[in-house]
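Q: Dropping in final17.cif, with mmCIF, C-alpha atoms and all ligand atoms.
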```
data_query
#
loop_
_atom_site.group_PDB
_atom_site.id
_atom_site.type_symbol
_atom_site.label_atom_id
_atom_site.label_comp_id
_atom_site.auth_asym_id
_atom_site.auth_seq_id
_atom_site.Cartn_x
_atom_site.Cartn_y
_atom_site.Cartn_z
ATOM 1 C CA MET A 1 3.938 10.659 19.306
ATOM 2 C CA PRO A 2 5.524 7.422 20.595
ATOM 3 C CA GLN A 3 9.208 7.516 21.421
ATOM 4 C CA VAL A 4 11.317 6.557 18.397
ATOM 5 C CA THR A 5 13.287 3.512 19.469
ATOM 6 C CA LYS A 6 13.185 0.891 16.750
ATOM 7 C CA ILE A 7 12.581 0.104 13.103
ATOM 8 C CA LEU A 8 8.925 -0.607 12.431
ATOM 9 C CA SER A 9 7.325 -3.096 10.139
ATOM 10 C CA LEU A 10 4.095 -2.383 8.283
ATOM 11 C CA CYS A 11 2.973 -5.988 8.874
ATOM 12 C CA ALA A 12 3.606 -5.962 12.618
ATOM 13 C CA PRO A 13 3.650 -2.359 13.848
ATOM 14 C CA ASP A 14 2.789 -3.000 17.522
ATOM 15 C CA GLN A 15 1.279 -5.462 19.989
ATOM 16 C CA GLU A 16 -2.310 -4.531 19.113
ATOM 17 C CA LYS A 17 -2.525 -5.489 15.469
ATOM 18 C CA SER A 18 -0.842 -7.047 12.453
ATOM 19 C CA CYS A 19 -1.499 -7.193 8.729
ATOM 20 C CA PHE A 20 -2.429 -10.537 7.225
ATOM 21 C CA ALA A 21 -4.017 -9.214 4.027
ATOM 22 C CA CYS A 22 -1.779 -11.229 1.687
ATOM 23 C CA CYS A 23 -2.281 -14.659 3.299
ATOM 24 C CA PRO A 24 -2.742 -16.785 1.378
ATOM 25 C CA PRO A 25 -1.166 -15.119 -1.675
ATOM 26 C CA ILE A 26 -3.793 -16.594 -4.023
ATOM 27 C CA ARG A 27 -7.305 -15.278 -3.393
ATOM 28 C CA PRO A 28 -10.150 -13.650 -5.379
ATOM 29 C CA ALA A 29 -9.718 -10.046 -6.544
ATOM 30 C CA GLY A 30 -11.179 -7.610 -4.016
ATOM 31 C CA TYR A 31 -11.280 -10.215 -1.249
ATOM 32 C CA GLU A 32 -10.744 -8.831 2.266
ATOM 33 C CA HIS A 33 -10.761 -10.953 5.411
ATOM 34 C CA ILE A 34 -13.016 -8.450 7.168
ATOM 35 C CA GLN A 35 -15.845 -9.328 4.779
ATOM 36 C CA TYR A 36 -15.973 -12.765 6.446
ATOM 37 C CA GLN A 37 -14.665 -11.779 9.882
ATOM 38 C CA LYS A 38 -16.638 -14.230 12.038
ATOM 39 C CA THR A 39 -15.718 -17.205 9.865
ATOM 40 C CA VAL A 40 -12.095 -16.149 9.587
ATOM 41 C CA GLU A 41 -11.819 -15.586 13.342
ATOM 42 C CA ARG A 42 -13.025 -19.138 13.881
ATOM 43 C CA PHE A 43 -10.465 -20.728 11.603
ATOM 44 C CA LEU A 44 -7.659 -18.528 13.000
ATOM 45 C CA ARG A 45 -8.407 -19.937 16.458
ATOM 46 C CA GLU A 46 -8.691 -23.495 15.138
ATOM 47 C CA ASN A 47 -5.448 -23.209 13.187
ATOM 48 C CA ARG A 48 -3.609 -21.993 16.282
ATOM 49 C CA ALA A 49 -5.102 -24.756 18.432
ATOM 50 C CA CYS A 50 -4.259 -27.510 15.910
ATOM 51 C CA PHE A 51 -0.785 -26.287 14.999
ATOM 52 C CA ASP A 52 2.049 -28.701 15.798
ATOM 53 C CA PRO A 53 5.442 -26.946 15.502
ATOM 54 C CA SER A 54 7.309 -30.282 15.647
ATOM 55 C CA SER A 55 5.550 -31.765 12.616
ATOM 56 C CA LYS A 56 7.312 -31.895 9.225
ATOM 57 C CA GLU A 57 4.190 -32.967 7.351
ATOM 58 C CA ILE A 58 3.637 -31.195 4.017
ATOM 59 C CA LYS A 59 0.042 -30.022 3.709
ATOM 60 C CA PRO A 60 -1.109 -28.014 0.686
ATOM 61 C CA ILE A 61 -3.375 -24.998 1.030
ATOM 62 C CA THR A 62 -6.902 -25.785 -0.063
ATOM 63 C CA GLY A 63 -9.370 -23.107 -1.104
ATOM 64 C CA TYR A 64 -8.696 -19.546 -0.084
ATOM 65 C CA HIS A 65 -7.692 -20.240 3.509
ATOM 66 C CA CYS A 66 -4.289 -21.303 4.721
ATOM 67 C CA TRP A 67 -4.097 -23.801 7.582
ATOM 68 C CA ALA A 68 -0.927 -22.038 8.848
ATOM 69 C CA LEU A 69 -2.535 -18.631 9.333
ATOM 70 C CA GLY A 70 -3.502 -18.113 12.962
ATOM 71 C CA TYR A 71 -3.487 -15.907 16.002
ATOM 72 C CA ILE A 72 0.087 -15.425 17.190
ATOM 73 C CA ASP A 73 -0.637 -14.021 20.664
ATOM 74 C CA ASP A 74 -2.556 -15.342 23.634
ATOM 75 C CA GLU A 75 -4.993 -12.433 23.522
ATOM 76 C CA TYR A 76 -6.021 -13.223 19.937
ATOM 77 C CA LYS A 77 -5.186 -9.754 18.694
ATOM 78 C CA ARG A 78 -2.426 -10.340 16.157
ATOM 79 C CA VAL A 79 -2.629 -12.659 13.176
ATOM 80 C CA GLY A 80 0.329 -14.153 11.386
ATOM 81 C CA CYS A 81 2.024 -17.125 9.808
ATOM 82 C CA LEU A 82 2.522 -19.954 12.298
ATOM 83 C CA LEU A 83 5.294 -21.339 10.063
ATOM 84 C CA HIS A 84 7.281 -18.103 9.938
ATOM 85 C CA PRO A 85 10.784 -18.129 11.487
ATOM 86 C CA ALA A 86 9.717 -15.369 13.899
ATOM 87 C CA GLN A 87 7.226 -17.816 15.439
ATOM 88 C CA ASN A 88 9.611 -20.776 15.481
ATOM 89 C CA LYS A 89 12.863 -19.647 17.075
ATOM 90 C CA GLY A 90 14.330 -18.758 13.710
ATOM 91 C CA ASN A 91 13.320 -21.957 11.900
ATOM 92 C CA ASP A 92 11.479 -21.375 8.655
ATOM 93 C CA LEU A 93 8.757 -24.039 8.403
ATOM 94 C CA ARG A 94 7.057 -22.646 5.326
ATOM 95 C CA PHE A 95 8.302 -25.622 3.297
ATOM 96 C CA ARG A 96 5.272 -27.396 4.818
ATOM 97 C CA ILE A 97 2.858 -25.742 2.410
ATOM 98 C CA ASP A 98 2.912 -26.107 -1.334
ATOM 99 C CA TYR A 99 3.933 -22.553 -2.208
ATOM 100 C CA GLY A 100 6.339 -21.625 0.541
ATOM 101 C CA ASP A 101 8.625 -19.792 -1.876
ATOM 102 C CA LYS A 102 5.775 -17.557 -2.948
ATOM 103 C CA CYS A 103 5.039 -16.813 0.723
ATOM 104 C CA ARG A 104 8.683 -15.917 1.309
ATOM 105 C CA ARG A 105 8.688 -13.538 -1.675
ATOM 106 C CA GLU A 106 5.278 -11.991 -1.107
ATOM 107 C CA THR A 107 5.230 -8.284 -0.383
ATOM 108 C CA CYS A 108 3.044 -5.381 -1.424
ATOM 109 C CA GLU A 109 3.672 -1.931 -2.870
ATOM 110 C CA GLU A 110 2.568 -0.342 0.397
ATOM 111 C CA GLU A 111 5.168 -2.318 2.346
ATOM 112 C CA LYS A 112 7.900 -1.178 -0.058
ATOM 113 C CA VAL A 113 6.938 2.464 0.438
ATOM 114 C CA PHE A 114 6.700 2.066 4.221
ATOM 115 C CA ALA A 115 10.111 0.359 4.362
ATOM 116 C CA SER A 116 11.662 3.292 2.494
ATOM 117 C CA LEU A 117 10.613 5.792 5.206
ATOM 118 C CA GLU A 118 12.781 6.924 8.095
ATOM 119 C CA THR A 119 11.708 5.530 11.461
ATOM 120 C CA SER A 120 10.379 8.889 12.687
ATOM 121 C CA GLU A 121 8.332 9.199 9.466
ATOM 122 C CA SER A 122 6.947 5.679 9.977
ATOM 123 C CA PHE A 123 5.797 6.618 13.461
ATOM 124 C CA PHE A 124 4.127 9.739 12.117
ATOM 125 C CA TRP A 125 2.116 7.759 9.560
ATOM 126 C CA LEU A 126 1.289 4.861 11.864
ATOM 127 C CA GLN A 127 -0.712 7.272 14.023
ATOM 128 C CA LEU A 128 -3.419 7.135 11.372
ATOM 129 C CA ALA A 129 -3.962 3.460 12.167
ATOM 130 C CA ASP A 130 -4.200 3.911 15.941
ATOM 131 C CA GLY A 131 -7.118 1.992 17.394
ATOM 132 C CA LEU A 132 -7.560 -0.386 14.440
ATOM 133 C CA ASP A 133 -7.711 -4.126 15.063
ATOM 134 C CA SER A 134 -5.991 -6.666 12.834
ATOM 135 C CA PHE A 135 -9.014 -7.124 10.545
ATOM 136 C CA THR A 136 -9.489 -3.392 9.923
ATOM 137 C CA TYR A 137 -5.755 -2.817 9.688
ATOM 138 C CA SER A 138 -5.533 -5.557 7.012
ATOM 139 C CA SER A 139 -8.229 -3.905 4.911
ATOM 140 C CA ARG A 140 -7.059 -1.827 1.968
ATOM 141 C CA THR A 141 -10.363 0.009 1.947
ATOM 142 C CA LEU A 142 -10.631 0.699 5.700
ATOM 143 C CA ASN A 143 -7.040 1.250 6.792
ATOM 144 C CA PRO A 144 -6.165 4.921 6.084
ATOM 145 C CA LEU A 145 -2.459 4.147 6.288
ATOM 146 C CA PHE A 146 -2.700 1.856 3.257
ATOM 147 C CA ARG A 147 -4.534 4.568 1.351
ATOM 148 C CA MET A 148 -1.855 7.114 2.159
ATOM 149 C CA LEU A 149 1.035 4.786 1.268
ATOM 150 C CA GLY A 150 -0.329 4.648 -2.285
ATOM 151 C CA TRP A 151 0.775 8.279 -2.738
ATOM 152 C CA GLY A 152 4.409 7.197 -2.539
ATOM 153 C CA ARG A 153 7.483 7.970 -0.514
ATOM 154 C CA HIS A 154 8.110 11.582 -1.569
ATOM 155 C CA LEU A 155 4.688 12.850 -0.649
ATOM 156 C CA LEU A 156 4.687 11.004 2.667
ATOM 157 C CA GLN A 157 8.144 12.295 3.530
ATOM 158 C CA ASN A 158 7.165 15.867 2.654
ATOM 159 C CA ILE A 159 4.087 15.792 4.858
ATOM 160 C CA ALA A 160 5.905 14.073 7.749
ATOM 161 C CA ALA A 161 8.619 16.751 7.611
ATOM 162 C CA GLU A 162 6.043 19.548 7.502
ATOM 163 C CA GLU A 163 4.026 18.129 10.385
ATOM 164 C CA ALA A 164 6.975 16.803 12.424
ATOM 165 C CA GLN A 165 6.023 15.765 15.955
ATOM 166 C CA LYS A 166 2.358 16.676 15.553
ATOM 167 C CA ALA A 167 -0.186 14.129 16.741
ATOM 168 C CA TYR A 168 -2.886 13.349 14.189
ATOM 169 C CA SER A 169 -5.871 11.065 14.098
ATOM 170 C CA TRP A 170 -7.147 10.179 10.605
ATOM 171 C CA ARG A 171 -10.069 12.557 11.084
ATOM 172 C CA ALA A 172 -7.812 15.428 12.187
ATOM 173 C CA PHE A 173 -5.454 14.704 9.318
ATOM 174 C CA LEU A 174 -8.294 14.944 6.786
ATOM 175 C CA GLN A 175 -9.372 18.243 8.297
ATOM 176 C CA SER A 176 -5.869 19.610 7.731
ATOM 177 C CA TYR A 177 -5.462 17.962 4.317
ATOM 178 C CA PRO A 178 -8.938 17.837 2.717
ATOM 179 C CA PHE A 179 -7.344 16.736 -0.557
ATOM 180 C CA PHE A 180 -7.118 13.183 0.809
ATOM 181 C CA SER A 181 -10.847 12.942 1.447
ATOM 182 C CA THR A 182 -11.603 13.492 -2.239
ATOM 183 C CA GLY A 183 -11.283 9.886 -3.375
ATOM 184 C CA TYR A 184 -8.637 10.546 -6.038
ATOM 185 C CA LYS A 185 -6.800 7.308 -6.679
ATOM 186 C CA PRO A 186 -3.279 7.562 -5.251
ATOM 187 C CA ARG A 187 -1.232 5.628 -7.780
ATOM 188 C CA SER A 188 -3.046 7.152 -10.778
ATOM 189 C CA ASN A 189 -2.401 10.678 -9.559
ATOM 190 C CA ALA A 190 0.777 10.598 -7.451
ATOM 191 C CA TYR A 191 2.973 11.886 -10.292
ATOM 192 C CA LEU A 192 0.817 14.959 -10.945
ATOM 193 C CA VAL A 193 0.382 15.743 -7.254
ATOM 194 C CA ASN A 194 4.083 15.402 -6.501
ATOM 195 C CA GLU A 195 4.995 17.657 -9.413
ATOM 196 C CA LEU A 196 2.415 20.281 -8.428
ATOM 197 C CA ILE A 197 3.640 20.262 -4.822
ATOM 198 C CA HIS A 198 7.214 20.605 -5.994
ATOM 199 C CA LYS A 199 6.196 23.696 -7.922
ATOM 200 C CA ASN A 200 3.614 25.259 -5.596
ATOM 201 C CA GLY A 201 4.287 23.874 -2.116
ATOM 202 C CA LEU A 202 2.556 21.408 0.139
ATOM 203 C CA HIS A 203 -0.046 23.931 1.261
ATOM 204 C CA ILE A 204 -2.099 23.363 -1.912
ATOM 205 C CA LEU A 205 -3.288 20.058 -0.421
ATOM 206 C CA LYS A 206 -4.824 22.025 2.427
ATOM 207 C CA THR A 207 -7.033 24.205 0.239
ATOM 208 C CA GLY A 208 -10.521 23.296 -0.883
ATOM 209 C CA SER A 209 -10.043 25.082 -4.207
ATOM 210 C CA PHE A 210 -7.187 22.773 -5.219
ATOM 211 C CA CYS A 211 -9.324 19.703 -4.455
ATOM 212 C CA SER A 212 -11.882 20.665 -7.093
ATOM 213 C CA LYS A 213 -9.335 22.059 -9.534
ATOM 214 C CA PHE A 214 -7.236 18.913 -9.503
ATOM 215 C CA GLU A 215 -9.907 16.778 -11.186
ATOM 216 C CA ALA A 216 -9.899 19.055 -14.230
ATOM 217 C CA ILE A 217 -6.086 19.068 -14.325
ATOM 218 C CA SER A 218 -5.895 15.291 -14.182
ATOM 219 C CA GLU A 219 -8.537 14.823 -16.868
ATOM 220 C CA THR A 220 -7.001 17.370 -19.225
ATOM 221 C CA VAL A 221 -3.494 15.968 -18.976
ATOM 222 C CA SER A 222 -4.669 12.345 -19.238
ATOM 223 C CA ARG A 223 -6.697 13.098 -22.353
ATOM 224 C CA LYS A 224 -3.781 14.913 -23.936
ATOM 225 C CA ILE A 225 -1.376 11.994 -23.577
ATOM 226 C CA GLN A 226 -4.011 9.497 -24.709
ATOM 227 C CA HIS A 227 -4.306 11.409 -27.993
ATOM 228 C CA GLN A 228 -0.543 11.613 -28.438
ATOM 229 C CA ALA A 229 0.370 8.029 -27.495
ATOM 230 C CA GLN A 230 1.073 5.669 -30.382
ATOM 231 C CA GLY A 231 2.048 2.418 -28.777
ATOM 232 C CA GLN A 232 2.702 -0.661 -30.947
ATOM 233 C CA ALA A 233 1.879 -4.240 -30.074
ATOM 234 C CA ASP A 234 5.575 -5.160 -29.853
ATOM 235 C CA ASP A 235 6.502 -2.201 -27.621
ATOM 236 C CA PRO A 236 7.504 -2.999 -24.030
ATOM 237 C CA PHE A 237 4.972 -2.799 -21.268
ATOM 238 C CA VAL A 238 4.997 0.679 -19.756
ATOM 239 C CA HIS A 239 5.779 -0.541 -16.233
ATOM 240 C CA GLN A 240 9.000 -2.130 -17.525
ATOM 241 C CA LEU A 241 10.540 1.170 -18.731
ATOM 242 C CA ASP A 242 13.372 2.683 -16.711
ATOM 243 C CA LEU A 243 11.624 5.987 -16.054
ATOM 244 C CA ASP A 244 10.152 7.625 -12.959
ATOM 245 C CA PRO A 245 7.799 4.920 -11.582
ATOM 246 C CA TYR A 246 5.222 7.541 -10.548
ATOM 247 C CA PHE A 247 5.098 8.769 -14.133
ATOM 248 C CA LEU A 248 4.769 5.209 -15.425
ATOM 249 C CA ASP A 249 1.845 4.637 -13.046
ATOM 250 C CA PHE A 250 0.255 7.817 -14.385
ATOM 251 C CA LEU A 251 0.685 6.639 -18.000
ATOM 252 C CA ARG A 252 -0.759 3.236 -17.230
ATOM 253 C CA LEU A 253 -3.546 4.062 -14.796
ATOM 254 C CA SER A 254 -4.679 7.554 -15.825
ATOM 255 C CA GLY A 255 -3.614 7.534 -19.461
ATOM 256 C CA LYS A 256 -4.633 3.856 -19.970
ATOM 257 C CA ILE A 257 -1.430 3.350 -21.971
ATOM 258 C CA THR A 258 -0.071 -0.152 -21.444
ATOM 259 C CA LYS A 259 2.666 -0.457 -24.114
ATOM 260 C CA LEU A 260 5.076 2.172 -25.361
ATOM 261 C CA ASP A 261 8.713 2.551 -26.399
ATOM 262 C CA ARG A 262 10.976 4.571 -24.125
ATOM 263 C CA ASP A 263 11.450 7.555 -26.463
ATOM 264 C CA SER A 264 7.696 7.990 -26.846
ATOM 265 C CA ALA A 265 7.269 7.783 -23.070
ATOM 266 C CA VAL A 266 9.921 10.491 -22.615
ATOM 267 C CA SER A 267 8.071 12.692 -25.158
ATOM 268 C CA LEU A 268 4.819 12.200 -23.276
ATOM 269 C CA LYS A 269 6.543 13.106 -20.028
ATOM 270 C CA LYS A 270 7.648 16.383 -21.589
ATOM 271 C CA ILE A 271 4.069 17.089 -22.668
ATOM 272 C CA VAL A 272 2.801 16.428 -19.143
ATOM 273 C CA ASP A 273 5.552 18.493 -17.513
ATOM 274 C CA ASP A 274 4.924 21.420 -19.910
ATOM 275 C CA GLU A 275 1.224 21.237 -19.175
ATOM 276 C CA LEU A 276 1.860 21.300 -15.406
ATOM 277 C CA GLU A 277 4.263 24.187 -15.859
ATOM 278 C CA GLN A 278 1.436 26.328 -17.216
ATOM 279 C CA ILE A 279 -0.828 25.717 -14.198
HETATM 280 S S1 LIG A 301 2.154 -20.370 4.848
HETATM 281 FE FE1 LIG A 301 2.221 -18.561 6.133
HETATM 282 S S2 LIG A 301 2.783 -16.876 4.725
HETATM 283 FE FE2 LIG A 301 2.064 -18.595 3.471
HETATM 284 S S3 LIG A 301 -0.131 -18.225 3.144
HETATM 285 FE FE3 LIG A 301 0.086 -19.552 4.951
HETATM 286 S S4 LIG A 301 0.086 -18.149 6.671
HETATM 287 FE FE4 LIG A 301 0.531 -16.941 4.851
#
```
Take the structure I supplied and represent it as structure tokens, if you would.
A:
Amino acid sequence: MPQVTKILSLCAPDQEKSCFACCPPIRPAGYEHIQYQKTVERFLRENRACFDPSSKEIKPITGYHCWALGYIDDEYKRVGCLLHPAQNKGNDLRFRIDYGDKCRRETCEEEKVFASLETSESFFWLQLADGLDSFTYSSRTLNPLFRMLGWGRHLLQNIAAEEAQKAYSWRAFLQSYPFFSTGYKPRSNAYLVNELIHKNGLHILKTGSFCSKFEAISETVSRKIQHQAQGQADDPFVHQLDLDPYFLDFLRLSGKITKLDRDSAVSLKKIVDDELEQI
């Protein structure tokens, strides 16, 4: 494990790689830079070579590529925003593109979860991305760290505490925790998994029997709440309710319930919790 000396960022964890998945913020669903790596590498080099930090010219983004995205180191390892204050002695030059405010605001759910971890926990989880380059690291499908962050802060903190100081590659981690090689979608299932761990302990994620049993649990509970839910068209969207966000994700993604009033959501939560209690 590396020595814990500083706060880490999910976007720029070390000198070997960076995440540029969300640049530019408007792109087709499912798009990943790695699908077009050769082409993207070429324009990242060109953008760096053509970039003039003294210019104030406003140039809109055209298509799905941003002219301000480029390599930010001489070895062409890390990719980032050439207009960002970190690249310009503190000056924010993002006014030079047409949606600079959107760039300033842009973040992802994974970044929020990562930022909520303690530094030692961040180091533990970053091990899973050791050896990745910036293209693989920026891929939601290929970067195991992104997959794990979808399970949320509590689960990641529990595992980091349990495994404190242990060195893990992704492969070794999956051998210890076969549950995460099953393909269960993190955000759809995080509520159930967290509740079951709370009740039974973290060790269940290490057993093959739980891996197969969990599918039946998830299906049964999801079906039950689908039958009970009676959302109306003028009810609020589920994700806007002030309830446990993991539970709201479960309602929305596993239960396929998009609108519901708060009282009904609380009743459904009781049904789910009672069901889990019996397992
Ligand atoms: S201006 Fe910077 S942050 Fe915005 S899309 Fe371009 S590279 Fe990304």
Q: Within 12 Å of A:Lys185, counting only C-alpha atoms, which residues show up once you throw out same-chain ones fewer than 4 positions away? Write them as a compact mmCIF listing (two decimals) with C-alpha atoms, keeping the file's coordinate frame, please.
A:
```txt
# COMPACT_ATOMS: atom_id res chain seq x y z
CA THR A 141 -10.36 0.01 1.95
CA ARG A 147 -4.53 4.57 1.35
CA MET A 148 -1.86 7.11 2.16
CA LEU A 149 1.03 4.79 1.27
CA GLY A 150 -0.33 4.65 -2.28
CA TRP A 151 0.78 8.28 -2.74
CA GLY A 152 4.41 7.20 -2.54
CA PHE A 179 -7.34 16.74 -0.56
CA PHE A 180 -7.12 13.18 0.81
CA SER A 181 -10.85 12.94 1.45
CA ASN A 189 -2.40 10.68 -9.56
CA ALA A 190 0.78 10.60 -7.45
CA TYR A 191 2.97 11.89 -10.29
CA LEU A 192 0.82 14.96 -10.94
CA VAL A 193 0.38 15.74 -7.25
CA PHE A 214 -7.24 18.91 -9.50
CA GLU A 215 -9.91 16.78 -11.19
CA SER A 218 -5.90 15.29 -14.18
CA ASP A 249 1.84 4.64 -13.05
CA PHE A 250 0.26 7.82 -14.38
CA LEU A 253 -3.55 4.06 -14.80
CA SER A 254 -4.68 7.55 -15.82
```
Q: Rank A:Cys11, A:Leu128, A:Leu156, A:Ala68 by their smallest atom-to-atom distance to ligand LIG 301 (chain A), using only C-alpha atoms and all ligand atoms, and report the top residue only.
A: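 Nearest candidate to ligand LIG 301 (chain A) out of A:Cys11, A:Leu128, A:Leu156, A:Ala68: A:Ala68.
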Q: Rounded to one decimal, what separation in Å do you get between atom CA of A:Trp67 and atom CA of A:Pro25?
A: 13.0 Å
Q: What do you get, as a ChimeraX atom specification, if you spell out every residue that the PyMOL selection byres (((chain A and resi 20) around 7) and not hetatm) selects here?
A: /A:18-19,21-23,79-80,138
Q: Between atom CA of A:Ala160 and atom CA of A:Glu110, what distance in Å does the model show, to one decimal?
A: 16.5 Å
Q: Please expand the PyMOL selection byres (((chain A and resi 266) around 12) and not hetatm) into the concrete residues it hits in this file, giving the result as a PDB file with C-alpha atoms, keeping the file's coordinate frame.
A:
```pdb
ATOM      1  CA  ILE A 225      -1.376  11.994 -23.577  1.00  0.00           C
ATOM      2  CA  ALA A 229       0.370   8.029 -27.495  1.00  0.00           C
ATOM      3  CA  VAL A 238       4.997   0.679 -19.756  1.00  0.00           C
ATOM      4  CA  LEU A 241      10.540   1.170 -18.731  1.00  0.00           C
ATOM      5  CA  ASP A 242      13.372   2.683 -16.711  1.00  0.00           C
ATOM      6  CA  LEU A 243      11.624   5.987 -16.054  1.00  0.00           C
ATOM      7  CA  ASP A 244      10.152   7.625 -12.959  1.00  0.00           C
ATOM      8  CA  PHE A 247       5.098   8.769 -14.133  1.00  0.00           C
ATOM      9  CA  LEU A 248       4.769   5.209 -15.425  1.00  0.00           C
ATOM     10  CA  LEU A 251       0.685   6.639 -18.000  1.00  0.00           C
ATOM     11  CA  LEU A 260       5.076   2.172 -25.361  1.00  0.00           C
ATOM     12  CA  ASP A 261       8.713   2.551 -26.399  1.00  0.00           C
ATOM     13  CA  ARG A 262      10.976   4.571 -24.125  1.00  0.00           C
ATOM     14  CA  ASP A 263      11.450   7.555 -26.463  1.00  0.00           C
ATOM     15  CA  SER A 264       7.696   7.990 -26.846  1.00  0.00           C
ATOM     16  CA  ALA A 265       7.269   7.783 -23.070  1.00  0.00           C
ATOM     17  CA  SER A 267       8.071  12.692 -25.158  1.00  0.00           C
ATOM     18  CA  LEU A 268       4.819  12.200 -23.276  1.00  0.00           C
ATOM     19  CA  LYS A 269       6.543  13.106 -20.028  1.00  0.00           C
ATOM     20  CA  LYS A 270       7.648  16.383 -21.589  1.00  0.00           C
ATOM     21  CA  ILE A 271       4.069  17.089 -22.668  1.00  0.00           C
ATOM     22  CA  VAL A 272       2.801  16.428 -19.143  1.00  0.00           C
ATOM     23  CA  ASP A 273       5.552  18.493 -17.513  1.00  0.00           C
TER      24      ASP A 273
END
```
Q: Can you work out which one of A:Lys38, A:Arg27, A:Lys259, A:His154 has the shortest atom-to-atom distance to ligand LIG 301 (chain A), counting only C-alpha atoms and all ligand atoms?
A: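 Checking each candidate against ligand LIG 301 (chain A), we get A:Arg27 as the closest.
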Q: Mind telling me what the PyMOL selection byres (((not hetatm)) within 12 of (chain A and resi 301)) catches here, as a VMD selection string?
A: chain A and resid 11 19 to 27 43 to 44 47 to 48 51 58 to 72 79 to 87 92 to 107
Q: Which one of A:Thr220, A:Thr207, A:Gln35, A:Thr182 sits closest to A:Ile279 if you count all atoms listed in the file?
A: A:Thr220
Q: Tell me which of A:Ile34, A:Leu276, A:Leu155, A:Ala29 sits closest to A:Tyr137, counting all atoms listed in the file.
A: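 Looking only at the distances to A:Tyr137, the closest residue turns out to be A:Ile34.
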Q: Leaving out A:Pro178 and any residue of its chain fewer than 3 positions from it, which residues lie within 7 Å of it when counting only C-alpha atoms, given as number ranges by chain?
A: A: 174-175, 181, 205-206, 208
Q: Looking at all atoms listed in the file, which of A:Tyr177, A:Arg153, A:Leu8, A:Tyr31 is the one that sits closest to A:Pro245?
A: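 Looking at the shortest contact to A:Pro245, the residue is A:Arg153.
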Q: Report, as AutoDock Vina command-line options, the axis-aligned box around all atoms of stretch 50-62 of chain A present in the file, extended by 5 Å on each side; give centre and edge lengths in Å to one decimal place.
A:
```
--center_x 0.2 --center_y -29.0 --center_z 7.9 --size_x 24.2 --size_y 18.0 --size_z 26.0
```
Q: What is the distance between atom CA of A:Cys108 and atom CA of A:Asp14, in Å to one decimal?
A: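 So the answer is 19.1 Å.
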Q: Taking the partial coordinates given, rebuild stretch 196-209 of chain A to contain N, CA and C atoms; return it as a PDB file, in the coordinates of the input.
A:
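Written file, part.pdb:
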```pdb
ATOM      1  N   LEU A 196       3.079  19.017  -8.781  1.00  0.00           N
ATOM      2  CA  LEU A 196       2.415  20.281  -8.428  1.00  0.00           C
ATOM      3  C   LEU A 196       2.867  20.789  -7.056  1.00  0.00           C
ATOM      4  N   ILE A 197       3.129  19.852  -6.140  1.00  0.00           N
ATOM      5  CA  ILE A 197       3.640  20.262  -4.822  1.00  0.00           C
ATOM      6  C   ILE A 197       5.048  20.824  -4.952  1.00  0.00           C
ATOM      7  N   HIS A 198       5.839  20.152  -5.779  1.00  0.00           N
ATOM      8  CA  HIS A 198       7.214  20.605  -5.994  1.00  0.00           C
ATOM      9  C   HIS A 198       7.210  22.057  -6.476  1.00  0.00           C
ATOM     10  N   LYS A 199       6.239  22.361  -7.319  1.00  0.00           N
ATOM     11  CA  LYS A 199       6.196  23.696  -7.922  1.00  0.00           C
ATOM     12  C   LYS A 199       5.515  24.723  -7.014  1.00  0.00           C
ATOM     13  N   ASN A 200       4.449  24.291  -6.326  1.00  0.00           N
ATOM     14  CA  ASN A 200       3.614  25.259  -5.596  1.00  0.00           C
ATOM     15  C   ASN A 200       3.677  25.149  -4.079  1.00  0.00           C
ATOM     16  N   GLY A 201       4.230  24.052  -3.573  1.00  0.00           N
ATOM     17  CA  GLY A 201       4.287  23.874  -2.116  1.00  0.00           C
ATOM     18  C   GLY A 201       3.191  22.943  -1.616  1.00  0.00           C
ATOM     19  N   LEU A 202       3.449  22.405  -0.456  1.00  0.00           N
ATOM     20  CA  LEU A 202       2.556  21.408   0.139  1.00  0.00           C
ATOM     21  C   LEU A 202       1.201  21.989   0.526  1.00  0.00           C
ATOM     22  N   HIS A 203       1.180  23.293   0.752  1.00  0.00           N
ATOM     23  CA  HIS A 203      -0.046  23.931   1.261  1.00  0.00           C
ATOM     24  C   HIS A 203      -1.223  23.761   0.307  1.00  0.00           C
ATOM     25  N   ILE A 204      -0.959  23.484  -0.984  1.00  0.00           N
ATOM     26  CA  ILE A 204      -2.099  23.363  -1.912  1.00  0.00           C
ATOM     27  C   ILE A 204      -3.027  22.217  -1.494  1.00  0.00           C
ATOM     28  N   LEU A 205      -2.455  21.196  -0.832  1.00  0.00           N
ATOM     29  CA  LEU A 205      -3.288  20.058  -0.421  1.00  0.00           C
ATOM     30  C   LEU A 205      -4.213  20.416   0.730  1.00  0.00           C
ATOM     31  N   LYS A 206      -4.006  21.590   1.288  1.00  0.00           N
ATOM     32  CA  LYS A 206      -4.824  22.025   2.427  1.00  0.00           C
ATOM     33  C   LYS A 206      -5.958  22.943   1.985  1.00  0.00           C
ATOM     34  N   THR A 207      -6.021  23.251   0.701  1.00  0.00           N
ATOM     35  CA  THR A 207      -7.033  24.205   0.239  1.00  0.00           C
ATOM     36  C   THR A 207      -8.156  23.496  -0.516  1.00  0.00           C
ATOM     37  N   GLY A 208      -9.367  23.890  -0.203  1.00  0.00           N
ATOM     38  CA  GLY A 208     -10.521  23.296  -0.883  1.00  0.00           C
ATOM     39  C   GLY A 208     -10.509  23.572  -2.377  1.00  0.00           C
ATOM     40  N   SER A 209     -10.004  24.733  -2.782  1.00  0.00           N
ATOM     41  CA  SER A 209     -10.043  25.082  -4.207  1.00  0.00           C
ATOM     42  C   SER A 209      -9.176  24.131  -5.029  1.00  0.00           C
TER      43      SER A 209
END
```
